[in-house]
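Have a look at upload.cif below; it lists mmCIF, C-alpha atoms.
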data_work
#
loop_
_atom_site.label_atom_id
_atom_site.label_comp_id
_atom_site.auth_asym_id
_atom_site.auth_seq_id
_atom_site.Cartn_x
_atom_site.Cartn_y
_atom_site.Cartn_z
CA MET A 1 65.49 38.89 -75.37
CA ILE A 2 66.22 41.81 -73.06
CA PHE A 3 63.99 43.04 -70.21
CA VAL A 4 63.97 46.07 -67.93
CA CYS A 5 63.48 44.34 -64.57
CA ARG A 6 63.80 40.89 -63.04
CA GLU A 7 60.06 40.44 -62.36
CA HIS A 8 59.16 41.10 -66.01
CA VAL A 9 61.58 38.50 -67.32
CA LEU A 10 60.47 35.87 -64.76
CA ASP A 11 56.79 36.46 -65.56
CA TRP A 12 57.47 36.24 -69.29
CA ILE A 13 59.43 32.99 -68.91
CA ARG A 14 56.75 31.40 -66.72
CA ASN A 15 53.99 32.40 -69.16
CA GLU A 16 55.88 31.00 -72.16
CA ALA A 17 56.67 27.77 -70.29
CA SER A 18 53.05 27.27 -69.30
CA LYS A 19 52.01 27.74 -72.94
CA LEU A 20 54.45 24.99 -73.90
CA GLY A 21 53.23 22.65 -71.16
CA PHE A 22 55.74 22.72 -68.32
CA GLY A 23 56.52 24.76 -65.24
CA ILE A 24 59.56 26.80 -64.30
CA VAL A 25 60.92 27.27 -60.78
CA ILE A 26 63.81 29.31 -59.41
CA LEU A 27 66.74 26.99 -58.78
CA ARG A 28 69.20 29.56 -57.45
CA PRO A 29 68.69 33.30 -57.03
CA ASP A 30 71.69 35.58 -56.51
CA ASN A 31 71.47 39.31 -55.91
CA GLY A 32 75.10 39.82 -56.85
CA SER A 33 77.96 41.35 -54.92
CA SER A 34 80.84 43.68 -55.60
CA ARG A 35 82.55 41.04 -57.75
CA ARG A 36 79.68 39.55 -59.71
CA LYS A 37 76.45 40.59 -61.37
CA ALA A 38 72.99 39.53 -60.20
CA PHE A 39 71.59 36.39 -61.82
CA VAL A 40 68.83 33.78 -61.46
CA LEU A 41 69.05 30.12 -62.44
CA LEU A 42 65.72 28.68 -63.56
CA ASN A 43 64.94 25.00 -63.80
CA CYS A 44 62.07 22.82 -64.95
CA GLU A 45 59.81 21.97 -62.01
CA ARG A 46 60.48 18.29 -62.72
CA GLY A 47 64.26 18.75 -62.62
CA GLY A 48 66.37 17.08 -59.98
CA LYS A 49 65.79 13.85 -58.13
CA TYR A 50 63.38 12.94 -55.38
CA VAL A 51 65.03 12.59 -51.99
CA GLY A 52 63.00 10.43 -49.67
CA ARG A 53 62.74 10.93 -45.93
CA ASN A 54 64.22 8.61 -43.35
CA ARG A 55 60.94 7.99 -41.58
CA VAL A 56 58.18 5.80 -42.97
CA LEU A 57 55.15 7.64 -44.27
CA LYS A 58 51.56 6.44 -44.22
CA HIS A 59 51.36 6.40 -48.01
CA ASP A 60 54.34 4.54 -49.42
CA ASP A 61 52.71 4.30 -52.83
CA THR A 62 52.98 8.05 -53.53
CA GLY A 63 55.35 9.05 -56.28
CA SER A 64 57.27 12.09 -57.35
CA ARG A 65 57.03 14.18 -60.49
CA LYS A 66 60.80 14.64 -60.49
CA CYS A 67 62.48 13.01 -63.47
CA ALA A 68 65.91 14.71 -63.58
CA CYS A 69 64.87 17.09 -66.35
CA LEU A 70 67.89 18.98 -67.69
CA PHE A 71 66.06 22.12 -68.88
CA LYS A 72 67.80 25.21 -67.41
CA LEU A 73 67.85 28.94 -68.08
CA ARG A 74 70.10 31.65 -66.70
CA VAL A 75 68.85 35.21 -66.38
CA THR A 76 71.63 37.76 -65.81
CA CYS A 77 71.72 41.47 -65.17
CA ARG A 78 73.94 43.33 -67.63
CA ILE A 79 76.13 46.32 -66.84
CA ASP A 80 73.45 48.72 -68.11
CA GLY A 81 70.83 47.24 -65.74
CA LEU A 82 68.88 45.27 -68.36
CA TRP A 83 68.18 41.55 -67.89
CA ARG A 84 69.18 38.92 -70.47
CA ILE A 85 68.12 35.27 -70.89
CA SER A 86 70.66 32.54 -71.66
CA VAL A 87 69.69 28.95 -72.37
CA ILE A 88 71.90 26.39 -70.58
CA CYS A 89 69.94 23.35 -71.72
CA GLY A 90 66.81 23.84 -73.80
CA ILE A 91 65.51 20.30 -74.15
CA PRO A 92 63.23 18.77 -71.48
CA ASN A 93 63.48 14.98 -71.11
CA HIS A 94 59.81 14.37 -70.36
CA ALA A 95 56.49 14.65 -72.17
CA LEU A 96 54.96 18.10 -71.95
CA GLU A 97 51.60 18.44 -70.22
CA THR A 98 48.59 19.69 -72.14
CA ASN A 99 46.58 20.62 -69.03
CA LEU A 100 48.40 22.43 -66.21
CA HIS A 101 45.40 22.51 -63.86
CA GLY A 102 46.45 21.78 -60.30
CA LYS A 103 50.17 22.03 -60.98
CA PRO A 104 52.19 24.30 -58.67
CA SER A 105 53.49 26.49 -61.48
CA ALA A 106 49.96 27.11 -62.78
CA CYS A 107 48.83 28.43 -59.41
CA ARG A 108 49.88 32.05 -59.82
CA LEU A 109 47.13 34.43 -58.80
CA SER A 110 46.11 37.42 -60.88
CA ARG A 111 46.11 40.94 -59.46
CA GLU A 112 42.29 41.07 -59.32
CA VAL A 113 42.10 37.81 -57.33
CA LYS A 114 44.75 39.10 -54.92
CA ASP A 115 42.74 42.30 -54.47
CA VAL A 116 39.58 40.33 -53.69
CA ILE A 117 41.44 38.20 -51.13
CA SER A 118 42.96 41.26 -49.46
CA GLU A 119 39.59 43.05 -49.40
CA LEU A 120 37.77 40.10 -47.85
CA SER A 121 40.61 39.44 -45.41
CA THR A 122 40.48 42.99 -44.05
CA ILE A 123 36.82 42.52 -43.11
CA LYS A 124 37.70 39.21 -41.38
CA VAL A 125 36.01 36.78 -43.78
CA ALA A 126 37.09 33.17 -43.14
CA PRO A 127 39.51 31.73 -45.74
CA ARG A 128 37.12 28.89 -46.65
CA ASN A 129 34.40 31.46 -47.42
CA ILE A 130 36.85 33.49 -49.50
CA LEU A 131 37.66 30.37 -51.52
CA VAL A 132 33.98 29.57 -52.06
CA ASP A 133 33.33 33.14 -53.21
CA LEU A 134 36.28 33.11 -55.62
CA LYS A 135 35.33 29.74 -57.08
CA ARG A 136 31.80 30.98 -57.65
CA LYS A 137 33.01 34.15 -59.41
CA LYS A 138 36.15 32.94 -61.18
CA SER A 139 36.29 29.16 -61.17
CA ASP A 140 39.29 28.95 -63.50
CA ARG A 141 41.50 31.35 -61.52
CA ILE A 142 41.96 29.65 -58.13
CA SER A 143 42.20 26.00 -57.22
CA ASN A 144 42.87 25.46 -53.51
CA ILE A 145 42.75 26.92 -50.01
CA LYS A 146 46.54 27.05 -49.73
CA GLN A 147 46.60 29.93 -52.21
CA VAL A 148 44.22 31.93 -50.01
CA TYR A 149 46.35 31.27 -46.92
CA ASN A 150 49.55 32.19 -48.77
CA GLU A 151 48.07 35.46 -50.00
CA GLN A 152 46.81 36.33 -46.52
CA TYR A 153 50.29 35.63 -45.15
CA ASN A 154 51.85 37.86 -47.82
CA LEU A 155 49.49 40.67 -46.81
CA THR A 156 50.71 40.56 -43.20
CA ILE A 157 54.38 40.86 -44.17
#

Please express what this file holds, its structure, as structure tokens.
Amino acid sequence: MIFVCREHVLDWIRNEASKLGFGIVILRPDNGSSRRKAFVLLNCERGGKYVGRNRVLKHDDTGSRKCACLFKLRVTCRIDGLWRISVICGIPNHALETNLHGKPSACRLSREVKDVISELSTIKVAPRNILVDLKRKKSDRISNIKQVYNEQYNLTI
């Protein structure tokens, strides 16, 4: 498929992946240079291997969702400015999830939720109260306080 801009193709890929039961993350973005075209490498969120820390954590029994999944896509910008999707490896090596609730890739906020957060943030409402209000109005759209903090941070930039 061919898309007009990078954001459209990334949104389309993430939506299709969530329908199928897995998440997509950006593995390597590249804005291009004089010698090469812009591209983005996308990977399954469970791709790669878990790298532990040197120090001992309180909870040694925690695990990782990483399972060295090989699923990869490459999105490249053509000469005419359109974006094209290429499949590097199209087969995930893990069972696909049926419920993506609470997964990082399922935590994308809609435009209306972002507008509510920005509106309440401008009148200095505490983030915990913003979260309570959003959960009361749209319980399926937002899941944790970190999303509220991230959106407030994005508003200050």

I'd like the neighbourhood of Arg28 in chain A as a PyMOL selection string, where a residue qualifies if any of its atoms comes within 10 Å (using all atoms listed in the file), though same-chain residues fewer than 6 positions away should be ignored. chain A and resi 39-43+74

In Å, with one decimal, what is the gap from CA of Val132 in chain A to CA of Ser110 in chain A? 16.9 Å

Got a sec: who's within 8 Å of Gly90 in chain A, counting all atoms listed in the file, leaving out chain neighbours fewer than 3 positions off, as number ranges by chain? A: 70-73, 87

Report as a PyMOL selection string the full result of the PyMOL selection byres ((chain A and resi 145-157) around 7) when it is applied to this structure. chain A and resi 114+117-118+127-128+131+144

Could you work out how far CA of Lys19 in chain A lies from CA of Arg6 in chain A, giving the answer in Å with one decimal? 20.2 Å

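CA of Lys137 in chain A is positioned 19.3 Å from CA of Lys124 in chain A.
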
Which of A:Arg46, A:Lys66, A:Arg35, A:Arg84 sits closest to His8 in chain A [using all atoms listed in the file]: A:Arg84

Residues within 12 Å of Ile2 in chain A, please, as a ChimeraX atom specification. Count only C-alpha atoms; anything in the same chain fewer than 6 positions from it doesn't count. /A:8-10,12-13,75-78,80-86

Carefully work through the PyMOL selection byres ((chain A and resi 47) around 6) for this structure and note down the residues it includes, as an NGL selection string. :A and (44-46 or 48 or 66 or 68-69)
